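**Student:** The following block contains the structure, expressed as structure tokens.
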There are 2 protein chains.
Amino acid sequence: MIDMIKIAIMGFGTVGSGVYEILEKNRELINRKLGEDIEVKTILGRRLFSENDISKKIVKEFEKIEEDPEIELVVETMGGTTPAYEYIKRSLLAKKHVVTANKAVVAAHGTELLKIAHECGVNFLFEASVGGGIPIIRGLFSSLAGENIKEISGILNGTTNYILTKMDQEGSEFEDALGAAQEYGYAEREPEADVEGYDTCRKVAILASIATGLEVAYEDIYTEGITKVDKIDFEYAQKMGTSIKLFGGMFIDDGKLYSYVCPMIISSSDPLYMVKSVYNAVMIEGHTLGKTMFYGSGAGKYPTASAVVADVLSVFKKNNGFKPYWSEERAYVEDMDKTSHRYFVRFQGRNEEDIAHCERAFGKSRSVYLEGKDEFAILTGYMREKDFKAVLEGTKGMIKFIRARI
Amino acid sequence: MIDMIKIAIMGFGTVGSGVYEILEKNRELINRKLGEDIEVKTILGRRLFSENDISKKIVKEFEKIEEDPEIELVVETMGGTTPAYEYIKRSLLAKKHVVTANKAVVAAHGTELLKIAHECGVNFLFEASVGGGIPIIRGLFSSLAGENIKEISGILNGTTNYILTKMDQEGSEFEDALGAAQEYGYAEREPEADVEGYDTCRKVAILASIATGLEVAYEDIYTEGITKVDKIDFEYAQKMGTSIKLFGGMFIDDGKLYSYVCPMIISSSDPLYMVKSVYNAVMIEGHTLGKTMFYGSGAGKYPTASAVVADVLSVFKKNNGFKPYWSEERAYVEDMDKTSHRYFVRFQGRNEEDIAHCERAFGKSRSVYLEGKDEFAILTGYMREKDFKAVLEGTKGMIKFIRARI
């Protein structure tokens, strides 16, 4: 007789139902790989479907999963932290493996949940919480095998990348591009989590924690969204042969950790330049490995569900060594003022004296003008952010600045 | 007392010495990860270095490694198949794990060596044999966890990509770009293995074998190099907003396996378009995962050595499940005539009747002209290769054709 592994799914929305479908559809393949069948025994969900195989599995009470000794693993695809955090914790304490796609829970409670999983001798995996279908956590984990990570930088949020791509390609204003993203279902009605960079920030916290082996608290990461990026910024960007994207990343310099989320000007020769629309990509740089990039669908039902299924299978695969982990020690994230970038700064007016003053003040800088606009822009050389801000104080008429990685 | 794992390195050239350096430099990190130290006890090499720590380890006879019961793992970085194949086989039979960066051996003898490793209860790993520092075999292995692979396509050879990038950016002829590549050490003096596509073909065979679980023999893969691509092809490509790159790949359609290596015209909106110079990238498409791309340094001392070290560590990591494998059953690779592509075809002359005839004959096609050239080109719609060739027979003055993925 074939062994049968029984699991539960909590939350039967887009991702949860995708997990169910993939497990059903690939039953034979999975059996071939594991030598065992996986059966979804119980589904925690609110709605009752029309009478079918799925509806019989639906329960409304978490206790029916928690107290069922047959259930070895729980997939959490409810989203949000309440009640997902509590249910994950109780599942782990009941010695059930947990696989989640929930970046909010992992970023806020990952340290505690990893510790509980470790103590209870079960796995807590969350590949789908960062980069959807891109095996970025596995990639990072394996890149870490022989060396220390120097830098991680990526485009980690499909919604904002869709909006910025649309602004770039169609010359739209932010509000219009956001409206289109909402219309097509790429953005929520309440889009703050995406457009203010909070979603990216949580993903960066997870990656930085794995990379450093320490807890990187998302509250410690400098986070700036894309709501202030406008159509004129893109006109300048295009004039310079560049684009603007929302970056999240971390780097280690001289043993110190820096981490940030902010819009950045990116050169067309940068491999991340071509990451358009809802796609995501992450660049990992190791001391010896050089730069490696992972690219793919950052969201979507099947890519995300597929990452969840890969985690589920890896729990049951014999001799599986995939266990991303970080300790309870909290990493110290350096202040953003200590980082260095190039800066693109827009100033009001076209006064020649002001322009000359800016060019002198910022040293190795370049001025950019747009036809018919009563303003000018300066692209500085690499400067420490603190020094840049000090120079900026001695100028007048600043409209805004955007950091640049060109 | 700390446990000490003893290993040997066969071949102490660029990659082999890189492996040694990385193991030395990251000793502390590796000990932290494994709980054990790794010591390179013996090095198989011809040259004797000036008296130092390394020179004491060098031996000239393979038997000193084969017969040393202390050596648990052998790194093979000699290149070529003789004597590498024999030494790997004998190492495995002596129950030593083997890690290699040698695509020639893996493509020609992988099936047999995997079988021997399996029977002897040791590991045979070869991450560095494809894509240098890019964890592409790991990526493929983990992508395979929950689903079947639909397509793999990639730029897998840094030398040819450097040459084609140079031809594109500088308008060079093939011979001049090859000369520059040789001058900078990116191409061998005898460049056939790279420019004729043989190197890419071997890498494709390895990836296709892992993806299908069957032996895909490299001799069965249609292979065409880049020696016939010229500067005028790039002029046309640029006029169409495209470029030309050497692709290697496989896809499964209706249960049938197709595999190829050939230059292809690629659109600027394709994520693989931005893979320039010596970089490599591989796109993997799964049924549910969607498209995932892995990008990085396809060659180079440290990226390649780093991939070797990652394999070495994974052998000694507790509960390691990373064991790419394929069976002895040989896959049937369908004939290239059965594939479908778009085709870019150049014809002599500018005779209006000939052009009109071609446009009619190829159906959904587009004509392209270059200023001042006594020739024209047709870009066809998607056609089965057999049908395309049949139509081509009814035309005259064909200069060449290049397949297109646009």
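Each chain in the structure tokens gets a letter, A, B and so on, in the order shown; residues start at 1 in every chain, and ligands are counted from 1 in the order they appear.
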I'd like to know which residues of segment 191-344 of chain A are alpha helix (DSSP H) (by DSSP, run on the backbone); could you write them as a JSON list (two decimals) with all heavy atoms, in the first residue's frame?
**Tutor:**
```json
[["chain", "number", "residue", "atom", "x", "y", "z"],
["A", 192, "GLU", "N", -1.79, 51.12, -0.24],
["A", 192, "GLU", "CA", -0.66, 51.63, 0.56],
["A", 192, "GLU", "C", 0.46, 50.59, 0.73],
["A", 192, "GLU", "O", 1.63, 50.91, 0.61],
["A", 192, "GLU", "CB", -1.12, 52.12, 1.94],
["A", 192, "GLU", "CG", -1.88, 53.42, 1.91],
["A", 192, "GLU", "CD", -3.25, 53.28, 1.27],
["A", 192, "GLU", "OE1", -3.83, 52.17, 1.34],
["A", 192, "GLU", "OE2", -3.74, 54.25, 0.66],
["A", 193, "ALA", "N", 0.06, 49.36, 1.07],
["A", 193, "ALA", "CA", 1.08, 48.33, 1.35],
["A", 193, "ALA", "C", 2.06, 48.21, 0.18],
["A", 193, "ALA", "O", 3.26, 48.03, 0.38],
["A", 193, "ALA", "CB", 0.43, 46.99, 1.62],
["A", 194, "ASP", "N", 1.55, 48.32, -1.04],
["A", 194, "ASP", "CA", 2.42, 48.23, -2.21],
["A", 194, "ASP", "C", 3.12, 49.57, -2.50],
["A", 194, "ASP", "O", 4.34, 49.64, -2.53],
["A", 194, "ASP", "CB", 1.62, 47.80, -3.44],
["A", 194, "ASP", "CG", 1.13, 46.35, -3.32],
["A", 194, "ASP", "OD1", 1.93, 45.51, -2.88],
["A", 194, "ASP", "OD2", -0.03, 46.08, -3.65],
["A", 195, "VAL", "N", 2.31, 50.63, -2.72],
["A", 195, "VAL", "CA", 2.90, 51.86, -3.25],
["A", 195, "VAL", "C", 3.74, 52.62, -2.23],
["A", 195, "VAL", "O", 4.61, 53.41, -2.61],
["A", 195, "VAL", "CB", 1.82, 52.81, -3.87],
["A", 195, "VAL", "CG1", 1.12, 52.11, -5.02],
["A", 195, "VAL", "CG2", 0.84, 53.30, -2.83],
["A", 198, "TYR", "N", 5.83, 49.22, 1.76],
["A", 198, "TYR", "CA", 5.79, 48.35, 2.94],
["A", 198, "TYR", "C", 5.97, 46.87, 2.58],
["A", 198, "TYR", "O", 6.62, 46.12, 3.29],
["A", 198, "TYR", "CB", 4.48, 48.52, 3.71],
["A", 198, "TYR", "CG", 4.14, 49.94, 4.08],
["A", 198, "TYR", "CD1", 2.82, 50.36, 4.19],
["A", 198, "TYR", "CD2", 5.15, 50.88, 4.34],
["A", 198, "TYR", "CE1", 2.50, 51.67, 4.54],
["A", 198, "TYR", "CE2", 4.84, 52.18, 4.68],
["A", 198, "TYR", "CZ", 3.51, 52.58, 4.77],
["A", 198, "TYR", "OH", 3.20, 53.86, 5.10],
["A", 199, "ASP", "N", 5.34, 46.47, 1.47],
["A", 199, "ASP", "CA", 5.44, 45.07, 1.02],
["A", 199, "ASP", "C", 6.90, 44.73, 0.68],
["A", 199, "ASP", "O", 7.43, 43.71, 1.12],
["A", 199, "ASP", "CB", 4.53, 44.89, -0.21],
["A", 199, "ASP", "CG", 4.67, 43.52, -0.85],
["A", 199, "ASP", "OD1", 3.95, 42.60, -0.42],
["A", 199, "ASP", "OD2", 5.48, 43.36, -1.77],
["A", 200, "THR", "N", 7.53, 45.58, -0.10],
["A", 200, "THR", "CA", 8.94, 45.37, -0.46],
["A", 200, "THR", "C", 9.80, 45.31, 0.79],
["A", 200, "THR", "O", 10.70, 44.46, 0.92],
["A", 200, "THR", "CB", 9.43, 46.51, -1.39],
["A", 200, "THR", "OG1", 8.64, 46.49, -2.58],
["A", 200, "THR", "CG2", 10.89, 46.33, -1.76],
["A", 201, "CYS", "N", 9.54, 46.21, 1.73],
["A", 201, "CYS", "CA", 10.31, 46.28, 2.97],
["A", 201, "CYS", "C", 10.26, 44.96, 3.73],
["A", 201, "CYS", "O", 11.28, 44.49, 4.24],
["A", 201, "CYS", "CB", 9.74, 47.42, 3.82],
["A", 201, "CYS", "SG", 10.36, 47.46, 5.49],
["A", 202, "ARG", "N", 9.08, 44.34, 3.80],
["A", 202, "ARG", "CA", 8.97, 43.06, 4.50],
["A", 202, "ARG", "C", 9.76, 41.96, 3.80],
["A", 202, "ARG", "O", 10.41, 41.13, 4.43],
["A", 202, "ARG", "CB", 7.50, 42.67, 4.65],
["A", 202, "ARG", "CG", 6.89, 43.33, 5.87],
["A", 202, "ARG", "CD", 5.41, 43.56, 5.80],
["A", 202, "ARG", "NE", 4.97, 44.29, 6.99],
["A", 202, "ARG", "CZ", 5.11, 45.61, 7.17],
["A", 202, "ARG", "NH1", 5.72, 46.35, 6.23],
["A", 202, "ARG", "NH2", 4.69, 46.19, 8.26],
["A", 203, "LYS", "N", 9.71, 41.98, 2.47],
["A", 203, "LYS", "CA", 10.47, 40.97, 1.71],
["A", 203, "LYS", "C", 11.97, 41.18, 1.90],
["A", 203, "LYS", "O", 12.73, 40.21, 2.04],
["A", 203, "LYS", "CB", 10.09, 41.05, 0.23],
["A", 203, "LYS", "CG", 8.65, 40.57, -0.01],
["A", 203, "LYS", "CD", 8.17, 40.94, -1.41],
["A", 203, "LYS", "CE", 6.79, 40.39, -1.67],
["A", 203, "LYS", "NZ", 6.22, 40.95, -2.93],
["A", 204, "VAL", "N", 12.40, 42.43, 1.91],
["A", 204, "VAL", "CA", 13.83, 42.72, 2.14],
["A", 204, "VAL", "C", 14.25, 42.24, 3.52],
["A", 204, "VAL", "O", 15.32, 41.66, 3.69],
["A", 204, "VAL", "CB", 14.11, 44.23, 1.98],
["A", 204, "VAL", "CG1", 15.51, 44.58, 2.48],
["A", 204, "VAL", "CG2", 13.95, 44.66, 0.53],
["A", 205, "ALA", "N", 13.38, 42.45, 4.52],
["A", 205, "ALA", "CA", 13.70, 42.02, 5.88],
["A", 205, "ALA", "C", 13.92, 40.51, 5.92],
["A", 205, "ALA", "O", 14.85, 40.02, 6.57],
["A", 205, "ALA", "CB", 12.57, 42.42, 6.84],
["A", 206, "ILE", "N", 13.08, 39.76, 5.20],
["A", 206, "ILE", "CA", 13.20, 38.30, 5.18],
["A", 206, "ILE", "C", 14.51, 37.89, 4.51],
["A", 206, "ILE", "O", 15.28, 37.09, 5.05],
["A", 206, "ILE", "CB", 11.98, 37.66, 4.45],
["A", 206, "ILE", "CG1", 10.69, 37.93, 5.25],
["A", 206, "ILE", "CG2", 12.20, 36.16, 4.25],
["A", 206, "ILE", "CD1", 9.41, 37.56, 4.51],
["A", 207, "LEU", "N", 14.80, 38.47, 3.33],
["A", 207, "LEU", "CA", 16.03, 38.11, 2.62],
["A", 207, "LEU", "C", 17.27, 38.49, 3.44],
["A", 207, "LEU", "O", 18.24, 37.73, 3.52],
["A", 207, "LEU", "CB", 16.08, 38.80, 1.25],
["A", 207, "LEU", "CG", 15.02, 38.36, 0.24],
["A", 207, "LEU", "CD1", 15.18, 39.12, -1.06],
["A", 207, "LEU", "CD2", 15.08, 36.85, -0.02],
["A", 208, "ALA", "N", 17.23, 39.69, 4.04],
["A", 208, "ALA", "CA", 18.39, 40.15, 4.81],
["A", 208, "ALA", "C", 18.60, 39.28, 6.04],
["A", 208, "ALA", "O", 19.73, 39.01, 6.45],
["A", 208, "ALA", "CB", 18.20, 41.61, 5.21],
["A", 209, "SER", "N", 17.52, 38.80, 6.64],
["A", 209, "SER", "CA", 17.64, 37.92, 7.80],
["A", 209, "SER", "C", 18.31, 36.61, 7.41],
["A", 209, "SER", "O", 19.19, 36.11, 8.12],
["A", 209, "SER", "CB", 16.26, 37.63, 8.40],
["A", 209, "SER", "OG", 15.66, 38.82, 8.87],
["A", 210, "ILE", "N", 17.90, 36.05, 6.28],
["A", 210, "ILE", "CA", 18.51, 34.79, 5.82],
["A", 210, "ILE", "C", 19.98, 35.03, 5.48],
["A", 210, "ILE", "O", 20.86, 34.26, 5.86],
["A", 210, "ILE", "CB", 17.76, 34.22, 4.61],
["A", 210, "ILE", "CG1", 16.32, 33.87, 5.00],
["A", 210, "ILE", "CG2", 18.47, 32.98, 4.06],
["A", 210, "ILE", "CD1", 15.45, 33.45, 3.84],
["A", 211, "ALA", "N", 20.25, 36.14, 4.78],
["A", 211, "ALA", "CA", 21.62, 36.42, 4.34],
["A", 211, "ALA", "C", 22.57, 36.64, 5.51],
["A", 211, "ALA", "O", 23.72, 36.22, 5.47],
["A", 211, "ALA", "CB", 21.64, 37.62, 3.40],
["A", 212, "THR", "N", 22.09, 37.34, 6.55],
["A", 212, "THR", "CA", 22.98, 37.66, 7.68],
["A", 212, "THR", "C", 22.93, 36.61, 8.78],
["A", 212, "THR", "O", 23.81, 36.56, 9.63],
["A", 212, "THR", "CB", 22.59, 39.01, 8.31],
["A", 212, "THR", "OG1", 21.22, 38.92, 8.76],
["A", 212, "THR", "CG2", 22.72, 40.15, 7.32],
["A", 231, "LYS", "N", 5.39, 62.09, -13.73],
["A", 231, "LYS", "CA", 5.64, 61.94, -15.16],
["A", 231, "LYS", "C", 6.85, 62.75, -15.63],
["A", 231, "LYS", "O", 7.58, 62.32, -16.53],
["A", 231, "LYS", "CB", 4.31, 62.36, -15.80],
["A", 231, "LYS", "CG", 4.25, 63.01, -17.03],
["A", 231, "LYS", "CD", 2.77, 63.39, -17.28],
["A", 231, "LYS", "CE", 2.71, 63.86, -18.71],
["A", 231, "LYS", "NZ", 1.37, 64.09, -19.20],
["A", 232, "ILE", "N", 7.10, 63.87, -14.99],
["A", 232, "ILE", "CA", 8.27, 64.69, -15.38],
["A", 232, "ILE", "C", 9.57, 63.97, -14.99],
["A", 232, "ILE", "O", 10.56, 64.02, -15.72],
["A", 232, "ILE", "CB", 8.18, 66.10, -14.75],
["A", 232, "ILE", "CG1", 6.92, 66.80, -15.28],
["A", 232, "ILE", "CG2", 9.42, 66.93, -15.09],
["A", 232, "ILE", "CD1", 6.61, 68.12, -14.63],
["A", 233, "ASP", "N", 9.55, 63.27, -13.85],
["A", 233, "ASP", "CA", 10.73, 62.48, -13.48],
["A", 233, "ASP", "C", 11.08, 61.49, -14.59],
["A", 233, "ASP", "O", 12.25, 61.29, -14.91],
["A", 233, "ASP", "CB", 10.47, 61.69, -12.18],
["A", 233, "ASP", "CG", 10.21, 62.60, -10.99],
["A", 233, "ASP", "OD1", 10.78, 63.71, -10.95],
["A", 233, "ASP", "OD2", 9.44, 62.20, -10.09],
["A", 234, "PHE", "N", 10.04, 60.87, -15.14],
["A", 234, "PHE", "CA", 10.29, 59.90, -16.21],
["A", 234, "PHE", "C", 10.78, 60.57, -17.49],
["A", 234, "PHE", "O", 11.55, 59.99, -18.24],
["A", 234, "PHE", "CB", 9.03, 59.06, -16.49],
["A", 234, "PHE", "CG", 8.93, 57.86, -15.60],
["A", 234, "PHE", "CD1", 8.07, 57.84, -14.51],
["A", 234, "PHE", "CD2", 9.74, 56.75, -15.83],
["A", 234, "PHE", "CE1", 8.01, 56.73, -13.68],
["A", 234, "PHE", "CE2", 9.68, 55.64, -15.00],
["A", 234, "PHE", "CZ", 8.81, 55.63, -13.93],
["A", 235, "GLU", "N", 10.32, 61.81, -17.73],
["A", 235, "GLU", "CA", 10.83, 62.53, -18.91],
["A", 235, "GLU", "C", 12.32, 62.77, -18.77],
["A", 235, "GLU", "O", 13.09, 62.58, -19.71],
["A", 235, "GLU", "CB", 10.07, 63.85, -19.10],
["A", 235, "GLU", "CG", 8.67, 63.63, -19.65],
["A", 235, "GLU", "CD", 7.86, 64.94, -19.72],
["A", 235, "GLU", "OE1", 8.45, 66.01, -19.92],
["A", 235, "GLU", "OE2", 6.62, 64.86, -19.54],
["A", 236, "TYR", "N", 12.74, 63.17, -17.58],
["A", 236, "TYR", "CA", 14.18, 63.34, -17.33],
["A", 236, "TYR", "C", 14.90, 62.00, -17.47],
["A", 236, "TYR", "O", 15.95, 61.89, -18.09],
["A", 236, "TYR", "CB", 14.43, 63.86, -15.90],
["A", 236, "TYR", "CG", 14.30, 65.35, -15.71],
["A", 236, "TYR", "CD1", 13.24, 65.88, -15.00],
["A", 236, "TYR", "CD2", 15.27, 66.23, -16.20],
["A", 236, "TYR", "CE1", 13.12, 67.24, -14.78],
["A", 236, "TYR", "CE2", 15.16, 67.60, -15.99],
["A", 236, "TYR", "CZ", 14.08, 68.11, -15.28],
["A", 236, "TYR", "OH", 13.98, 69.45, -15.07],
["A", 237, "ALA", "N", 14.31, 60.96, -16.85],
["A", 237, "ALA", "CA", 14.95, 59.63, -16.87],
["A", 237, "ALA", "C", 15.18, 59.19, -18.30],
["A", 237, "ALA", "O", 16.26, 58.70, -18.66],
["A", 237, "ALA", "CB", 14.09, 58.62, -16.12],
["A", 238, "GLN", "N", 14.15, 59.37, -19.15],
["A", 238, "GLN", "CA", 14.29, 58.94, -20.54],
["A", 238, "GLN", "C", 15.36, 59.75, -21.26],
["A", 238, "GLN", "O", 16.12, 59.23, -22.06],
["A", 238, "GLN", "CB", 12.94, 59.03, -21.24],
["A", 238, "GLN", "CG", 12.05, 57.86, -20.82],
["A", 238, "GLN", "CD", 10.65, 57.94, -21.39],
["A", 238, "GLN", "OE1", 10.32, 58.89, -22.10],
["A", 238, "GLN", "NE2", 9.83, 56.95, -21.07],
["A", 239, "LYS", "N", 15.39, 61.04, -20.95],
["A", 239, "LYS", "CA", 16.40, 61.89, -21.58],
["A", 239, "LYS", "C", 17.81, 61.40, -21.22],
["A", 239, "LYS", "O", 18.74, 61.53, -22.02],
["A", 239, "LYS", "CB", 16.20, 63.33, -21.11],
["A", 239, "LYS", "CG", 17.14, 64.29, -21.77],
["A", 239, "LYS", "CD", 16.52, 65.62, -22.09],
["A", 239, "LYS", "CE", 17.44, 66.39, -23.04],
["A", 239, "LYS", "NZ", 17.13, 67.81, -23.06],
["A", 301, "LYS", "N", -1.52, 33.48, -9.13],
["A", 301, "LYS", "CA", -2.02, 32.28, -8.49],
["A", 301, "LYS", "C", -1.06, 31.10, -8.61],
["A", 301, "LYS", "O", -0.58, 30.57, -7.61],
["A", 301, "LYS", "CB", -3.37, 31.91, -9.12],
["A", 301, "LYS", "CG", -3.96, 30.63, -8.61],
["A", 301, "LYS", "CD", -5.38, 30.44, -9.15],
["A", 301, "LYS", "CE", -5.97, 29.14, -8.59],
["A", 301, "LYS", "NZ", -7.44, 29.11, -8.70],
["A", 302, "TYR", "N", -0.76, 30.68, -9.84],
["A", 302, "TYR", "CA", 0.00, 29.44, -10.01],
["A", 302, "TYR", "C", 1.48, 29.56, -9.66],
["A", 302, "TYR", "O", 2.03, 28.66, -9.02],
["A", 302, "TYR", "CB", -0.24, 28.85, -11.39],
["A", 302, "TYR", "CG", -1.67, 28.40, -11.55],
["A", 302, "TYR", "CD1", -2.55, 29.07, -12.38],
["A", 302, "TYR", "CD2", -2.16, 27.34, -10.78],
["A", 302, "TYR", "CE1", -3.88, 28.67, -12.47],
["A", 302, "TYR", "CE2", -3.49, 26.95, -10.87],
["A", 302, "TYR", "CZ", -4.35, 27.61, -11.71],
["A", 302, "TYR", "OH", -5.65, 27.24, -11.79],
["A", 303, "PRO", "N", 2.15, 30.67, -10.08],
["A", 303, "PRO", "CA", 3.55, 30.78, -9.65],
["A", 303, "PRO", "C", 3.69, 30.73, -8.13],
["A", 303, "PRO", "O", 4.54, 30.01, -7.59],
["A", 303, "PRO", "CB", 3.98, 32.13, -10.22],
["A", 303, "PRO", "CG", 3.13, 32.32, -11.43],
["A", 303, "PRO", "CD", 1.79, 31.73, -11.04],
["A", 304, "THR", "N", 2.84, 31.47, -7.42],
["A", 304, "THR", "CA", 2.94, 31.49, -5.96],
["A", 304, "THR", "C", 2.59, 30.13, -5.37],
["A", 304, "THR", "O", 3.30, 29.60, -4.50],
["A", 304, "THR", "CB", 2.02, 32.59, -5.38],
["A", 304, "THR", "OG1", 2.31, 33.83, -6.04],
["A", 304, "THR", "CG2", 2.21, 32.75, -3.88],
["A", 305, "ALA", "N", 1.51, 29.55, -5.87],
["A", 305, "ALA", "CA", 1.09, 28.23, -5.36],
["A", 305, "ALA", "C", 2.16, 27.18, -5.65],
["A", 305, "ALA", "O", 2.40, 26.29, -4.84],
["A", 305, "ALA", "CB", -0.24, 27.84, -6.01],
["A", 306, "SER", "N", 2.82, 27.32, -6.79],
["A", 306, "SER", "CA", 3.86, 26.38, -7.17],
["A", 306, "SER", "C", 5.04, 26.45, -6.19],
["A", 306, "SER", "O", 5.63, 25.42, -5.84],
["A", 306, "SER", "CB", 4.30, 26.73, -8.59],
["A", 306, "SER", "OG", 5.40, 25.99, -8.97],
["A", 307, "ALA", "N", 5.37, 27.65, -5.73],
["A", 307, "ALA", "CA", 6.44, 27.80, -4.73],
["A", 307, "ALA", "C", 6.02, 27.17, -3.40],
["A", 307, "ALA", "O", 6.84, 26.56, -2.71],
["A", 307, "ALA", "CB", 6.77, 29.28, -4.54],
["A", 308, "VAL", "N", 4.74, 27.29, -3.05],
["A", 308, "VAL", "CA", 4.24, 26.66, -1.82],
["A", 308, "VAL", "C", 4.37, 25.13, -1.95],
["A", 308, "VAL", "O", 4.87, 24.46, -1.04],
["A", 308, "VAL", "CB", 2.76, 27.04, -1.57],
["A", 308, "VAL", "CG1", 2.18, 26.19, -0.44],
["A", 308, "VAL", "CG2", 2.63, 28.52, -1.25],
["A", 309, "VAL", "N", 3.98, 24.61, -3.11],
["A", 309, "VAL", "CA", 4.04, 23.16, -3.31],
["A", 309, "VAL", "C", 5.49, 22.66, -3.25],
["A", 309, "VAL", "O", 5.77, 21.62, -2.65],
["A", 309, "VAL", "CB", 3.37, 22.75, -4.65],
["A", 309, "VAL", "CG1", 3.64, 21.29, -4.97],
["A", 309, "VAL", "CG2", 1.87, 23.02, -4.57],
["A", 310, "ALA", "N", 6.41, 23.43, -3.83],
["A", 310, "ALA", "CA", 7.83, 23.04, -3.76],
["A", 310, "ALA", "C", 8.28, 22.93, -2.31],
["A", 310, "ALA", "O", 9.00, 22.00, -1.93],
["A", 310, "ALA", "CB", 8.69, 24.04, -4.52],
["A", 311, "ASP", "N", 7.84, 23.87, -1.46],
["A", 311, "ASP", "CA", 8.17, 23.81, -0.03],
["A", 311, "ASP", "C", 7.55, 22.57, 0.62],
["A", 311, "ASP", "O", 8.19, 21.88, 1.42],
["A", 311, "ASP", "CB", 7.65, 25.06, 0.70],
["A", 311, "ASP", "CG", 8.64, 26.21, 0.67],
["A", 311, "ASP", "OD1", 9.79, 26.02, 0.22],
["A", 311, "ASP", "OD2", 8.27, 27.32, 1.11],
["A", 312, "VAL", "N", 6.29, 22.30, 0.29],
["A", 312, "VAL", "CA", 5.60, 21.13, 0.87],
["A", 312, "VAL", "C", 6.38, 19.86, 0.54],
["A", 312, "VAL", "O", 6.67, 19.04, 1.40],
["A", 312, "VAL", "CB", 4.15, 21.03, 0.35],
["A", 312, "VAL", "CG1", 3.52, 19.70, 0.76],
["A", 312, "VAL", "CG2", 3.31, 22.20, 0.86],
["A", 313, "LEU", "N", 6.74, 19.73, -0.75],
["A", 313, "LEU", "CA", 7.46, 18.53, -1.15],
["A", 313, "LEU", "C", 8.82, 18.43, -0.48],
["A", 313, "LEU", "O", 9.25, 17.35, -0.09],
["A", 313, "LEU", "CB", 7.63, 18.49, -2.67],
["A", 313, "LEU", "CG", 6.34, 18.48, -3.49],
["A", 313, "LEU", "CD1", 6.65, 18.21, -4.95],
["A", 313, "LEU", "CD2", 5.34, 17.46, -2.97],
["A", 314, "SER", "N", 9.48, 19.57, -0.32],
["A", 314, "SER", "CA", 10.82, 19.51, 0.26],
["A", 314, "SER", "C", 10.77, 19.08, 1.73],
["A", 314, "SER", "O", 11.73, 18.51, 2.24],
["A", 314, "SER", "CB", 11.57, 20.83, 0.07],
["A", 314, "SER", "OG", 11.30, 21.73, 1.10],
["A", 315, "VAL", "N", 9.65, 19.33, 2.40],
["A", 315, "VAL", "CA", 9.51, 18.85, 3.78],
["A", 315, "VAL", "C", 9.50, 17.32, 3.82],
["A", 315, "VAL", "O", 10.09, 16.71, 4.71],
["A", 315, "VAL", "CB", 8.20, 19.40, 4.41],
["A", 315, "VAL", "CG1", 7.88, 18.65, 5.72],
["A", 315, "VAL", "CG2", 8.30, 20.89, 4.67],
["A", 316, "PHE", "N", 8.87, 16.72, 2.82],
["A", 316, "PHE", "CA", 8.71, 15.26, 2.86],
["A", 316, "PHE", "C", 9.76, 14.50, 2.07],
["A", 316, "PHE", "O", 9.77, 13.28, 2.07],
["A", 316, "PHE", "CB", 7.30, 14.88, 2.38],
["A", 316, "PHE", "CG", 6.23, 15.41, 3.29],
["A", 316, "PHE", "CD1", 5.34, 16.38, 2.86],
["A", 316, "PHE", "CD2", 6.15, 14.96, 4.61],
["A", 316, "PHE", "CE1", 4.37, 16.88, 3.71],
["A", 316, "PHE", "CE2", 5.18, 15.47, 5.47],
["A", 316, "PHE", "CZ", 4.30, 16.43, 5.02]]
```
**Student:** Tell me the residues of chain A close to chain B, meaning within 8 Å using only C-alpha atoms, as a ChimeraX atom specification.
**Tutor:** /A:22,26,29-30,33,133-135,139,142-143,145-148,269,271,274-275,288-297,302-304,306-307,309-310,313-314,317-322
**Student:** Based on DSSP run over this structure's backbone, return all residues of segment 170-372 of chain B in strand (DSSP E), as an NGL selection string.
**Tutor:** :B and (222-223 or 242-253 or 256-267 or 279-286 or 290-297 or 340-348 or 366-368)
**Student:** When distances are computed from only C-alpha atoms, which of B:Thr100, B:Thr42, B:Thr82, B:Thr395 shows the smallest separation from Val345 of chain B?
**Tutor:**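 Selected residue with least distance to Val345 of chain B: B:Thr395.
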**Student:** Which of these residues is nearest to Gly131 of chain B, using only C-alpha atoms: B:Asn31, B:Asn157, B:Ser50, B:Thr339?
**Tutor:**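 Closest to Gly131 of chain B of all the choices is B:Asn157.
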**Student:** Quick one: residues within 8 Å of Lys166 of chain B, only C-alpha atoms counted, chain neighbours fewer than 5 positions away excluded, as a short mmCIF file (atom, residue, chain, number, x, y, z; two decimals) with N, CA, C and O atoms, in the first residue's frame?
**Tutor:**
```cif
data_model
loop_
_atom_site.label_atom_id
_atom_site.label_comp_id
_atom_site.auth_asym_id
_atom_site.auth_seq_id
_atom_site.Cartn_x
_atom_site.Cartn_y
_atom_site.Cartn_z
N GLY B 171 29.64 46.75 -34.64
CA GLY B 171 29.55 46.49 -36.07
C GLY B 171 30.73 45.71 -36.61
O GLY B 171 31.09 45.84 -37.78
N SER B 172 31.36 44.88 -35.75
CA SER B 172 32.53 44.10 -36.20
C SER B 172 32.08 42.90 -37.03
O SER B 172 30.96 42.43 -36.91
N ALA B 177 35.82 40.09 -34.14
CA ALA B 177 35.30 39.95 -32.78
C ALA B 177 35.93 38.72 -32.11
O ALA B 177 36.28 38.75 -30.93
N SER B 277 27.78 40.37 -23.28
CA SER B 277 29.18 40.02 -23.03
C SER B 277 29.30 38.59 -22.51
O SER B 277 28.61 37.71 -23.01
#
```
